[in-house]
$ cat final.txt   # compact mmCIF, C-alpha atoms and all ligand atoms
# COMPACT_ATOMS: atom_id res chain seq x y z
CA MET L 532 11.90 -36.51 60.31
CA ALA L 533 14.94 -37.14 58.12
CA CYS L 534 15.21 -40.70 59.32
CA MET L 535 11.53 -41.30 58.92
CA PHE L 536 11.69 -40.12 55.37
CA SER L 537 14.61 -42.20 54.33
CA ILE L 538 13.68 -45.43 56.04
CA PHE L 539 10.12 -45.13 54.82
CA ALA L 540 11.48 -44.53 51.35
CA LEU L 541 13.46 -47.75 51.40
CA PHE L 542 10.32 -49.69 50.74
CA THR L 543 7.98 -47.22 49.15
CA GLN L 544 9.92 -45.37 46.53
CA SER L 545 8.76 -45.49 42.95
CA ARG L 546 10.81 -43.78 40.29
CA ARG L 547 13.78 -42.44 42.23
CA GLU L 548 12.03 -40.52 44.94
CA ASN L 549 15.02 -40.86 47.18
CA THR L 550 18.54 -39.45 47.07
CA TRP L 551 21.49 -39.61 49.48
CA GLY L 552 18.85 -39.18 52.14
CA PHE L 553 18.07 -35.90 53.84
CA PHE L 554 20.70 -36.65 56.44
CA ALA L 555 23.67 -36.98 54.08
CA HIS L 556 22.64 -34.07 51.85
CA LYS L 557 22.56 -31.72 54.82
CA LYS L 558 25.91 -32.92 56.10
CA ILE L 559 27.56 -32.56 52.69
CA ASN L 560 26.36 -28.98 52.18
CA ARG L 561 27.35 -28.06 55.72
CA ILE L 562 30.85 -29.52 55.57
CA SER L 563 31.46 -28.05 52.08
CA VAL L 564 31.33 -24.58 53.65
CA PHE L 565 34.45 -25.44 55.63
CA THR L 566 36.46 -26.02 52.44
CA LEU L 567 36.02 -22.39 51.35
CA PRO L 568 38.76 -19.74 51.31
CA THR L 569 38.72 -16.68 53.55
CA GLY L 570 36.97 -14.43 51.03
CA MET L 571 33.92 -16.70 50.99
CA PHE L 572 33.99 -18.47 54.31
CA GLY L 573 32.59 -15.67 56.49
CA PHE L 574 29.46 -15.22 54.40
CA TYR L 575 28.74 -18.94 54.05
CA LYS L 576 29.53 -19.67 57.70
CA THR L 577 27.14 -16.95 58.79
CA ASN L 578 24.45 -18.51 56.61
CA LEU L 579 25.43 -22.08 57.42
CA GLU L 580 22.01 -23.06 58.70
CA TYR L 581 20.34 -21.96 55.46
CA VAL L 582 22.81 -23.84 53.25
CA GLU L 583 22.44 -26.96 55.37
CA THR L 584 18.66 -26.92 55.78
CA ASN L 585 17.96 -26.15 52.14
CA ALA L 586 20.24 -28.91 50.87
CA VAL L 587 17.11 -31.01 50.56
CA ASN L 588 14.95 -28.52 48.64
CA PRO L 589 15.54 -30.15 45.25
CA ASP L 590 14.20 -33.44 46.64
CA LYS L 591 11.14 -31.73 48.08
CA ARG L 592 10.49 -30.05 44.73
CA ARG L 593 10.24 -33.43 43.04
CA TYR L 594 6.75 -33.82 44.41
CA LEU L 595 5.70 -30.44 43.03
CA VAL L 596 7.48 -29.96 39.75
CA GLU L 597 7.52 -32.62 37.07
CA ALA L 598 10.71 -31.39 35.42
CA GLU L 599 12.63 -31.66 38.69
CA GLY L 600 13.07 -35.43 38.89
CA GLN L 601 15.41 -35.89 35.96
CA ARG L 602 17.93 -33.38 37.31
CA HIS L 603 18.99 -35.80 40.05
CA TYR L 604 20.51 -38.62 38.02
CA PHE L 605 22.32 -39.60 34.89
CA ASP L 606 22.17 -43.17 33.64
CA TYR L 607 25.65 -43.60 32.29
CA ASP L 608 24.84 -47.09 31.05
CA ALA L 609 21.82 -45.93 29.05
CA TYR L 610 24.08 -44.09 26.61
CA PRO L 611 26.08 -45.71 23.81
CA ASP L 612 29.85 -45.87 24.33
CA SER L 613 30.35 -43.63 21.34
CA LEU L 614 28.65 -40.85 23.32
CA THR L 615 30.05 -41.46 26.79
CA ALA L 616 33.52 -41.44 25.23
CA VAL L 617 33.10 -37.83 24.13
CA MET L 618 31.24 -36.47 27.15
CA PRO L 619 30.66 -33.83 28.22
CA ILE L 620 28.78 -32.71 25.17
CA PRO L 621 26.64 -29.59 25.29
CA TRP L 622 22.94 -29.87 25.95
CA HIS L 623 21.97 -28.23 22.66
CA GLN L 624 23.75 -31.05 20.84
CA VAL L 625 22.65 -33.98 22.93
CA LYS L 626 19.00 -32.98 23.15
CA ALA L 627 18.65 -33.45 19.40
CA LEU L 628 19.70 -37.11 19.70
CA PHE L 629 17.06 -38.45 22.10
CA SER L 630 13.42 -37.99 22.97
CA GLU L 631 12.10 -36.02 25.91
CA ASN L 632 11.06 -39.29 27.47
CA PHE L 633 14.56 -40.66 27.21
CA PHE L 634 15.88 -37.78 29.29
CA LYS L 635 13.06 -38.11 31.78
CA GLU L 636 13.93 -41.76 32.16
CA ASN L 637 17.72 -41.44 32.19
CA GLY L 638 18.35 -38.03 33.67
CA THR L 639 19.92 -34.68 32.86
CA LEU L 640 22.09 -34.08 35.92
CA PRO L 641 25.35 -32.91 34.24
CA TRP L 642 23.58 -30.47 31.94
CA HIS L 643 21.48 -29.04 34.71
CA VAL L 644 24.56 -28.47 36.83
CA HIS L 645 26.29 -26.87 33.85
CA ALA L 646 23.42 -24.38 33.54
CA MET L 647 23.64 -23.68 37.26
CA TYR L 648 27.29 -22.72 36.91
CA TYR L 649 26.21 -19.69 34.88
CA GLN L 650 23.38 -18.86 37.27
CA LEU L 651 25.58 -18.97 40.34
CA ARG L 652 28.38 -17.03 38.66
CA LYS L 653 25.81 -14.39 37.70
CA ALA L 654 24.47 -14.23 41.23
CA PHE L 655 28.01 -13.58 42.48
CA SER L 656 28.59 -10.93 39.78
CA GLU L 657 25.39 -9.18 40.80
CA LYS L 658 26.25 -9.65 44.47
CA ASN L 659 22.77 -10.98 45.06
CA ALA L 660 23.06 -12.66 48.43
CA ALA L 661 19.73 -14.47 48.39
CA GLN L 662 20.35 -15.95 44.95
CA ILE L 663 23.87 -16.99 45.92
CA LEU L 664 22.51 -18.90 48.89
CA ARG L 665 19.61 -20.50 47.05
CA LEU L 666 21.72 -21.61 44.10
CA SER L 667 24.62 -22.79 46.25
CA SER L 668 22.30 -24.95 48.34
CA ASP L 669 20.62 -26.41 45.27
CA VAL L 670 23.76 -27.13 43.30
CA GLY L 671 25.35 -28.79 46.34
CA HIS L 672 22.46 -31.23 46.23
CA TYR L 673 22.88 -32.14 42.56
CA LEU L 674 26.67 -32.39 42.85
CA SER L 675 26.17 -34.78 45.75
CA ASP L 676 23.76 -36.90 43.77
CA ALA L 677 26.40 -37.12 41.02
CA ASN L 678 28.59 -39.03 43.47
CA VAL L 679 26.02 -41.69 44.31
CA PRO L 680 26.71 -44.80 42.21
CA LEU L 681 23.04 -45.73 41.97
CA HIS L 682 22.26 -42.30 40.51
CA THR L 683 24.34 -43.21 37.47
CA THR L 684 22.67 -46.42 36.37
CA ALA L 685 19.37 -47.58 34.90
CA ASN L 686 19.33 -50.30 37.60
CA TYR L 687 19.00 -47.52 40.16
CA ASN L 688 17.14 -49.49 42.81
CA GLY L 689 18.38 -52.98 42.03
CA GLN L 690 15.05 -53.57 40.32
CA LEU L 691 16.75 -55.41 37.44
CA THR L 692 18.72 -57.73 39.72
CA GLY L 693 16.20 -58.59 42.44
CA GLN L 694 17.66 -56.13 44.95
CA HIS L 695 14.80 -53.74 45.42
CA GLY L 696 15.55 -51.30 48.21
CA ILE L 697 19.31 -51.12 47.71
CA HIS L 698 19.12 -47.47 46.64
CA GLY L 699 18.00 -46.21 50.01
CA PHE L 700 20.12 -48.83 51.76
CA TRP L 701 23.36 -47.48 50.30
CA GLU L 702 22.66 -43.77 50.41
CA SER L 703 20.45 -43.37 53.49
CA ARG L 704 20.70 -46.30 55.86
CA LEU L 705 24.50 -46.70 55.67
CA PRO L 706 25.51 -43.04 56.18
CA GLU L 707 22.95 -42.65 58.95
CA LEU L 708 24.39 -45.63 60.80
CA PHE L 709 28.10 -45.05 60.24
CA PHE L 710 28.53 -41.31 59.71
CA GLU L 711 30.07 -40.78 63.14
CA ASP L 712 33.09 -42.87 62.11
CA TYR L 713 33.74 -41.03 58.87
CA ASN L 714 36.68 -38.75 58.26
CA LEU L 715 35.31 -36.14 55.90
CA PHE L 716 38.29 -33.82 55.86
CA THR L 717 39.00 -32.95 52.24
CA GLY L 718 41.33 -29.98 52.38
CA LYS L 719 40.55 -26.69 50.66
CA ALA L 720 38.27 -26.13 47.70
CA VAL L 721 40.20 -25.91 44.43
CA TYR L 722 39.59 -23.93 41.27
CA LEU L 723 38.04 -26.05 38.51
CA ASP L 724 39.37 -25.20 35.05
CA ASP L 725 36.42 -26.97 33.50
CA PRO L 726 33.56 -27.52 35.95
CA SER L 727 31.50 -29.60 33.50
CA ALA L 728 34.37 -31.95 32.75
CA THR L 729 34.99 -32.33 36.48
CA VAL L 730 31.37 -33.21 37.19
CA TRP L 731 31.52 -35.68 34.35
CA LYS L 732 34.61 -37.33 35.85
CA HIS L 733 32.79 -37.74 39.16
CA ILE L 734 29.81 -39.36 37.44
CA LYS L 735 32.16 -41.76 35.69
CA LEU L 736 33.87 -42.64 38.97
CA ALA L 737 30.55 -43.18 40.70
CA ASN L 738 29.38 -45.38 37.85
CA ALA L 739 32.54 -47.47 38.08
CA ALA L 740 31.44 -48.42 41.61
CA VAL L 741 27.99 -49.67 40.56
CA ASP L 742 29.15 -53.26 40.02
CA SER L 743 30.56 -53.50 43.55
CA VAL L 744 27.48 -51.88 45.08
CA LEU L 745 25.26 -54.51 43.52
CA LEU L 746 27.49 -57.61 43.57
CA PHE L 747 28.56 -57.29 47.20
CA GLU L 748 24.98 -57.00 48.39
CA LYS L 749 23.91 -59.91 46.21
CA GLU L 750 26.69 -62.04 47.63
CA LEU L 751 25.90 -61.07 51.22
CA SER L 752 22.19 -61.61 50.71
CA SER L 753 22.78 -65.07 49.24
CA HIS L 754 24.00 -66.39 52.59
CA THR L 755 21.83 -64.33 54.93
CA SER L 756 18.35 -65.36 56.00
CA SER L 757 15.52 -62.89 55.70
CA ASP L 758 15.26 -62.77 59.50
CA GLU L 759 18.88 -61.68 59.74
CA LYS L 760 18.70 -59.30 56.81
CA TYR L 761 15.81 -57.23 58.07
CA SER L 762 14.76 -55.91 61.41
CA TYR L 763 12.07 -53.61 62.76
CA GLU L 764 12.91 -50.21 64.16
CA LYS L 765 10.65 -47.73 65.85
CA ARG L 766 10.03 -44.56 63.84
CA GLY L 767 7.62 -42.29 65.61
CA ASN L 768 4.70 -44.52 66.49
CA ALA L 769 5.35 -47.09 63.81
CA ASN L 770 7.52 -50.16 63.62
CA VAL L 771 9.25 -50.03 60.27
CA ARG L 772 11.02 -52.88 58.53
CA THR L 773 14.52 -51.95 57.49
CA TYR L 774 17.91 -53.56 56.86
CA SER L 775 19.20 -54.86 60.19
CA ARG L 776 22.20 -53.25 61.82
CA GLU L 777 24.24 -56.45 61.52
CA TYR L 778 23.46 -56.80 57.84
CA SER L 779 24.21 -53.11 57.27
CA LYS L 780 27.54 -53.42 59.07
CA ALA L 781 28.53 -56.48 57.02
CA TYR L 782 27.67 -54.71 53.76
CA HIS L 783 29.38 -51.51 54.85
CA ASP L 784 32.55 -53.49 55.64
CA MET L 785 32.46 -55.16 52.23
CA LEU L 786 32.30 -51.73 50.58
CA HIS L 787 35.64 -50.78 52.17
CA GLY L 788 34.86 -47.14 52.88
CA MET L 789 33.02 -46.46 49.64
CA VAL L 790 30.21 -44.41 51.19
CA GLU L 791 32.68 -42.30 53.12
CA ARG L 792 34.84 -41.83 50.04
CA GLN L 793 31.89 -40.76 47.90
CA MET L 794 30.76 -38.30 50.58
CA ARG L 795 34.24 -36.81 50.63
CA ARG L 796 34.19 -36.45 46.86
CA ALA L 797 30.80 -34.75 47.04
CA ILE L 798 32.07 -32.28 49.65
CA LYS L 799 35.22 -31.38 47.76
CA LEU L 800 33.31 -31.01 44.51
CA THR L 801 30.61 -28.82 46.04
CA GLY L 802 33.08 -26.45 47.73
CA SER L 803 35.20 -26.29 44.58
CA PHE L 804 32.18 -25.59 42.37
CA TRP L 805 31.04 -22.68 44.59
CA TYR L 806 34.60 -21.38 44.72
CA THR L 807 35.02 -21.54 40.94
CA CYS L 808 31.80 -19.59 40.33
CA TRP L 809 33.00 -16.93 42.78
CA VAL L 810 36.46 -16.66 41.20
CA ASP L 811 34.99 -16.48 37.69
CA ALA L 812 32.67 -13.71 38.86
CA GLY L 813 35.73 -11.66 39.86
CA MET L 814 35.87 -12.59 43.55
CA PRO L 815 33.29 -10.07 44.78
CA ASN L 816 33.45 -8.94 48.37
CA LEU L 817 30.76 -10.97 50.10
CA ASP L 818 30.59 -8.72 53.16
CA ASN L 819 28.81 -6.11 51.12
CA LEU L 820 25.93 -7.67 49.23
CA THR L 821 22.58 -6.50 48.00
CA GLU L 822 19.49 -8.06 49.43
CA GLU L 823 17.15 -8.50 46.51
CA PRO L 824 14.27 -10.68 47.62
CA VAL L 825 14.17 -13.97 45.79
CA GLU L 826 11.17 -16.05 45.01
CA GLU L 827 11.94 -19.68 44.77
CA PRO L 828 10.64 -20.34 41.30
CA ASP L 829 10.14 -24.07 41.57
CA SER L 830 8.64 -24.64 44.97
CA LEU L 831 5.06 -23.60 44.46
CA ASP L 832 3.94 -23.41 48.03
CA GLN L 833 7.26 -22.45 49.53
CA ARG L 834 7.73 -19.00 48.08
CA LYS L 835 9.56 -16.90 50.53
CA THR L 836 12.10 -14.21 50.96
CA ILE L 837 15.43 -15.54 52.05
CA LYS L 838 16.76 -13.88 55.15
CA VAL L 839 20.41 -13.22 54.49
CA PHE L 840 22.84 -12.67 57.33
CA ARG L 841 26.04 -10.76 56.73
CA PRO L 842 29.23 -11.82 58.49
CA HIS L 843 29.43 -8.67 60.62
CA GLU L 844 25.93 -9.25 62.00
CA HIS L 845 27.25 -11.99 64.25
ZN ZN L 901 18.47 -35.61 44.64

$ encode --input "final.txt" --output "structure tokens"
Amino acid sequence: MACMFSIFALFTQSRRENTWGFFAHKKINRISVFTLPTGMFGFYKTNLEYVETNAVNPDKRRYLVEAEGQRHYFDYDAYPDSLTAVMPIPWHQVKALFSENFFKENGTLPWHVHAMYYQLRKAFSEKNAAQILRLSSDVGHYLSDANVPLHTTANYNGQLTGQHGIHGFWESRLPELFFEDYNLFTGKAVYLDDPSATVWKHIKLANAAVDSVLLFEKELSSHTSSDEKYSYEKRGNANVRTYSREYSKAYHDMLHGMVERQMRRAIKLTGSFWYTCWVDAGMPNLDNLTEEPVEEPDSLDQRKTIKVFRPHEH
């Protein structure tokens, strides 16, 4: 299913319907759990399946909730240098400078994540297990998107440079093909003195890689025939055109470990963000949580009560 989605999306996506790919999002949330310290690890490990499976909820919500889309990206290059030089600036200041449409077009990722810091910290303070899990899964998704170069540029699918499809190529096709060779060990989560500033730094780093992402593919494409560039692979009952394995390998080699490096950054950032919210909430004991039912506010037809498992139940 994950593969079908992402490969299909390579050629069908309109305005940014795709992110990292379901595959990579699930892996990042899952592996982030293993960066956590003892006081958190038991609870998250026991609920590992939830955190992994629901890593893709924010992408599913995009089809249901209009306001969802803009949370997944931030077009660094759409902002004047005078503003990017002083980022992060608070939402209440920046929202006065541009129209609603501007934000819809160019994204609100860092401000949405900033708001989620307070929500997750509150969930920890209230020891609300279901909220902790829902918010942790969601924020892991957005933090991962922040590390995808093509989520930080207005040329998000190569549509301005004749490279339509490169979005899904980089973030879905490549990790799906080469994930097994990645070393995603990041060490332990660290406390973030300023979570917003850290997220901002990651966006800046991801944006710095945009030129390579585009130029390398352009260069490779310029001396590859269409027959070599694309191939057909069976997905369910359909033959789907996608970037060939040889072409993918050549591009992946040119990127010198970029996809792997960005996945590692996403993992470390996600674990560290969860950890920081927990520390700032006073390090509550997660073996002894309340079980307030939570309705997922944004997923209209997916309202459900989250089943929370406590560490001692295993
Ligand atoms: Zn996303």

$ residues_near_ligand --input "final.txt" --ligand "ligand ZN 901 (chain L)" --cutoff "10 Å" --atoms "all atoms listed in the file" --output "PyMOL selection string"
chain L and resi 547-553+556+586-593+599-604+640+669+671-677+679+682

$ atom_distance --input "final.txt" --atom1 "atom CA of Trp622 of chain L" --atom2 "atom CA of Cys808 of chain L"
19.8 Å

$ atom_distance --input "final.txt" --atom1 "atom CA of Ala737 of chain L" --atom2 "atom CA of Asn686 of chain L"
13.6 Å

$ atom_distance --input "final.txt" --atom1 "atom CA of His698 of chain L" --atom2 "atom CA of Lys626 of chain L"
27.6 Å

$ closest_residue --input "final.txt" --among "L:Ala609, L:Val564, L:Leu746, L:Leu664" --to "Thr684 of chain L" --atoms "all atoms listed in the file"
L:Ala609

$ residues_around --input "final.txt" --residues "Thr584 of chain L" --least-positions-apart "6" --cutoff "10 Å" --atoms "all atoms listed in the file" --output "PyMOL selection string"
chain L and resi 553-554+556-558+560-561+668

$ write_last_selection --input "final.txt" --atoms "C-alpha atoms" --output "short mmCIF file (atom, residue, chain, number, x, y, z; two decimals), keeping the file's coordinate frame"
data_model
loop_
_atom_site.label_atom_id
_atom_site.label_comp_id
_atom_site.auth_asym_id
_atom_site.auth_seq_id
_atom_site.Cartn_x
_atom_site.Cartn_y
_atom_site.Cartn_z
CA PHE L 553 18.07 -35.90 53.84
CA PHE L 554 20.70 -36.65 56.44
CA HIS L 556 22.64 -34.07 51.85
CA LYS L 557 22.56 -31.72 54.82
CA LYS L 558 25.91 -32.92 56.10
CA ASN L 560 26.36 -28.98 52.18
CA ARG L 561 27.35 -28.06 55.72
CA SER L 668 22.30 -24.95 48.34
#

$ closest_residue --input "final.txt" --among "L:Thr807, L:Gln624, L:Asn768, L:Asn659" --to "Ser727 of chain L" --atoms "all atoms listed in the file"
L:Thr807

$ closest_residue --input "final.txt" --among "L:Thr717, L:Thr577, L:Gln662, L:Asn738" --to "Ala797 of chain L" --atoms "only C-alpha atoms"
L:Thr717

$ closest_residue --input "final.txt" --among "L:Ile697, L:Ile562, L:Ala660, L:Leu691" --to "Asp818 of chain L" --atoms "all atoms listed in the file"
L:Ala660

$ build_atoms --input "final.txt" --residues "segment 792-803 of chain L" --atoms "N, CA, C and O atoms" --output "PDB file, in the frame of the given file"
ATOM      1  N   ARG L 792      34.050 -42.383  51.140  1.00  0.00           N
ATOM      2  CA  ARG L 792      34.840 -41.830  50.040  1.00  0.00           C
ATOM      3  C   ARG L 792      33.964 -41.001  49.090  1.00  0.00           C
ATOM      4  O   ARG L 792      34.338 -39.914  48.676  1.00  0.00           O
ATOM      5  N   GLN L 793      32.782 -41.490  48.801  1.00  0.00           N
ATOM      6  CA  GLN L 793      31.890 -40.760  47.900  1.00  0.00           C
ATOM      7  C   GLN L 793      31.370 -39.482  48.573  1.00  0.00           C
ATOM      8  O   GLN L 793      31.158 -38.467  47.911  1.00  0.00           O
ATOM      9  N   MET L 794      31.169 -39.525  49.878  1.00  0.00           N
ATOM     10  CA  MET L 794      30.760 -38.300  50.580  1.00  0.00           C
ATOM     11  C   MET L 794      31.878 -37.270  50.526  1.00  0.00           C
ATOM     12  O   MET L 794      31.643 -36.084  50.321  1.00  0.00           O
ATOM     13  N   ARG L 795      33.093 -37.735  50.703  1.00  0.00           N
ATOM     14  CA  ARG L 795      34.240 -36.810  50.630  1.00  0.00           C
ATOM     15  C   ARG L 795      34.330 -36.181  49.250  1.00  0.00           C
ATOM     16  O   ARG L 795      34.575 -34.978  49.113  1.00  0.00           O
ATOM     17  N   ARG L 796      34.140 -36.981  48.237  1.00  0.00           N
ATOM     18  CA  ARG L 796      34.190 -36.450  46.860  1.00  0.00           C
ATOM     19  C   ARG L 796      33.099 -35.406  46.655  1.00  0.00           C
ATOM     20  O   ARG L 796      33.316 -34.390  45.994  1.00  0.00           O
ATOM     21  N   ALA L 797      31.921 -35.687  47.201  1.00  0.00           N
ATOM     22  CA  ALA L 797      30.800 -34.750  47.040  1.00  0.00           C
ATOM     23  C   ALA L 797      31.119 -33.416  47.728  1.00  0.00           C
ATOM     24  O   ALA L 797      30.820 -32.337  47.195  1.00  0.00           O
ATOM     25  N   ILE L 798      31.740 -33.493  48.892  1.00  0.00           N
ATOM     26  CA  ILE L 798      32.070 -32.280  49.650  1.00  0.00           C
ATOM     27  C   ILE L 798      33.104 -31.444  48.902  1.00  0.00           C
ATOM     28  O   ILE L 798      32.944 -30.240  48.699  1.00  0.00           O
ATOM     29  N   LYS L 799      34.147 -32.101  48.462  1.00  0.00           N
ATOM     30  CA  LYS L 799      35.220 -31.380  47.760  1.00  0.00           C
ATOM     31  C   LYS L 799      34.685 -30.755  46.468  1.00  0.00           C
ATOM     32  O   LYS L 799      35.011 -29.622  46.119  1.00  0.00           O
ATOM     33  N   LEU L 800      33.850 -31.512  45.772  1.00  0.00           N
ATOM     34  CA  LEU L 800      33.310 -31.010  44.510  1.00  0.00           C
ATOM     35  C   LEU L 800      32.376 -29.821  44.747  1.00  0.00           C
ATOM     36  O   LEU L 800      32.431 -28.822  44.014  1.00  0.00           O
ATOM     37  N   THR L 801      31.547 -29.914  45.756  1.00  0.00           N
ATOM     38  CA  THR L 801      30.610 -28.820  46.040  1.00  0.00           C
ATOM     39  C   THR L 801      31.357 -27.541  46.409  1.00  0.00           C
ATOM     40  O   THR L 801      31.103 -26.470  45.844  1.00  0.00           O
ATOM     41  N   GLY L 802      32.298 -27.640  47.339  1.00  0.00           N
ATOM     42  CA  GLY L 802      33.080 -26.450  47.730  1.00  0.00           C
ATOM     43  C   GLY L 802      33.831 -25.878  46.534  1.00  0.00           C
ATOM     44  O   GLY L 802      33.859 -24.657  46.325  1.00  0.00           O
ATOM     45  N   SER L 803      34.397 -26.745  45.729  1.00  0.00           N
ATOM     46  CA  SER L 803      35.200 -26.290  44.580  1.00  0.00           C
ATOM     47  C   SER L 803      34.309 -25.636  43.518  1.00  0.00           C
ATOM     48  O   SER L 803      34.712 -24.673  42.865  1.00  0.00           O
TER      49      SER L 803
END
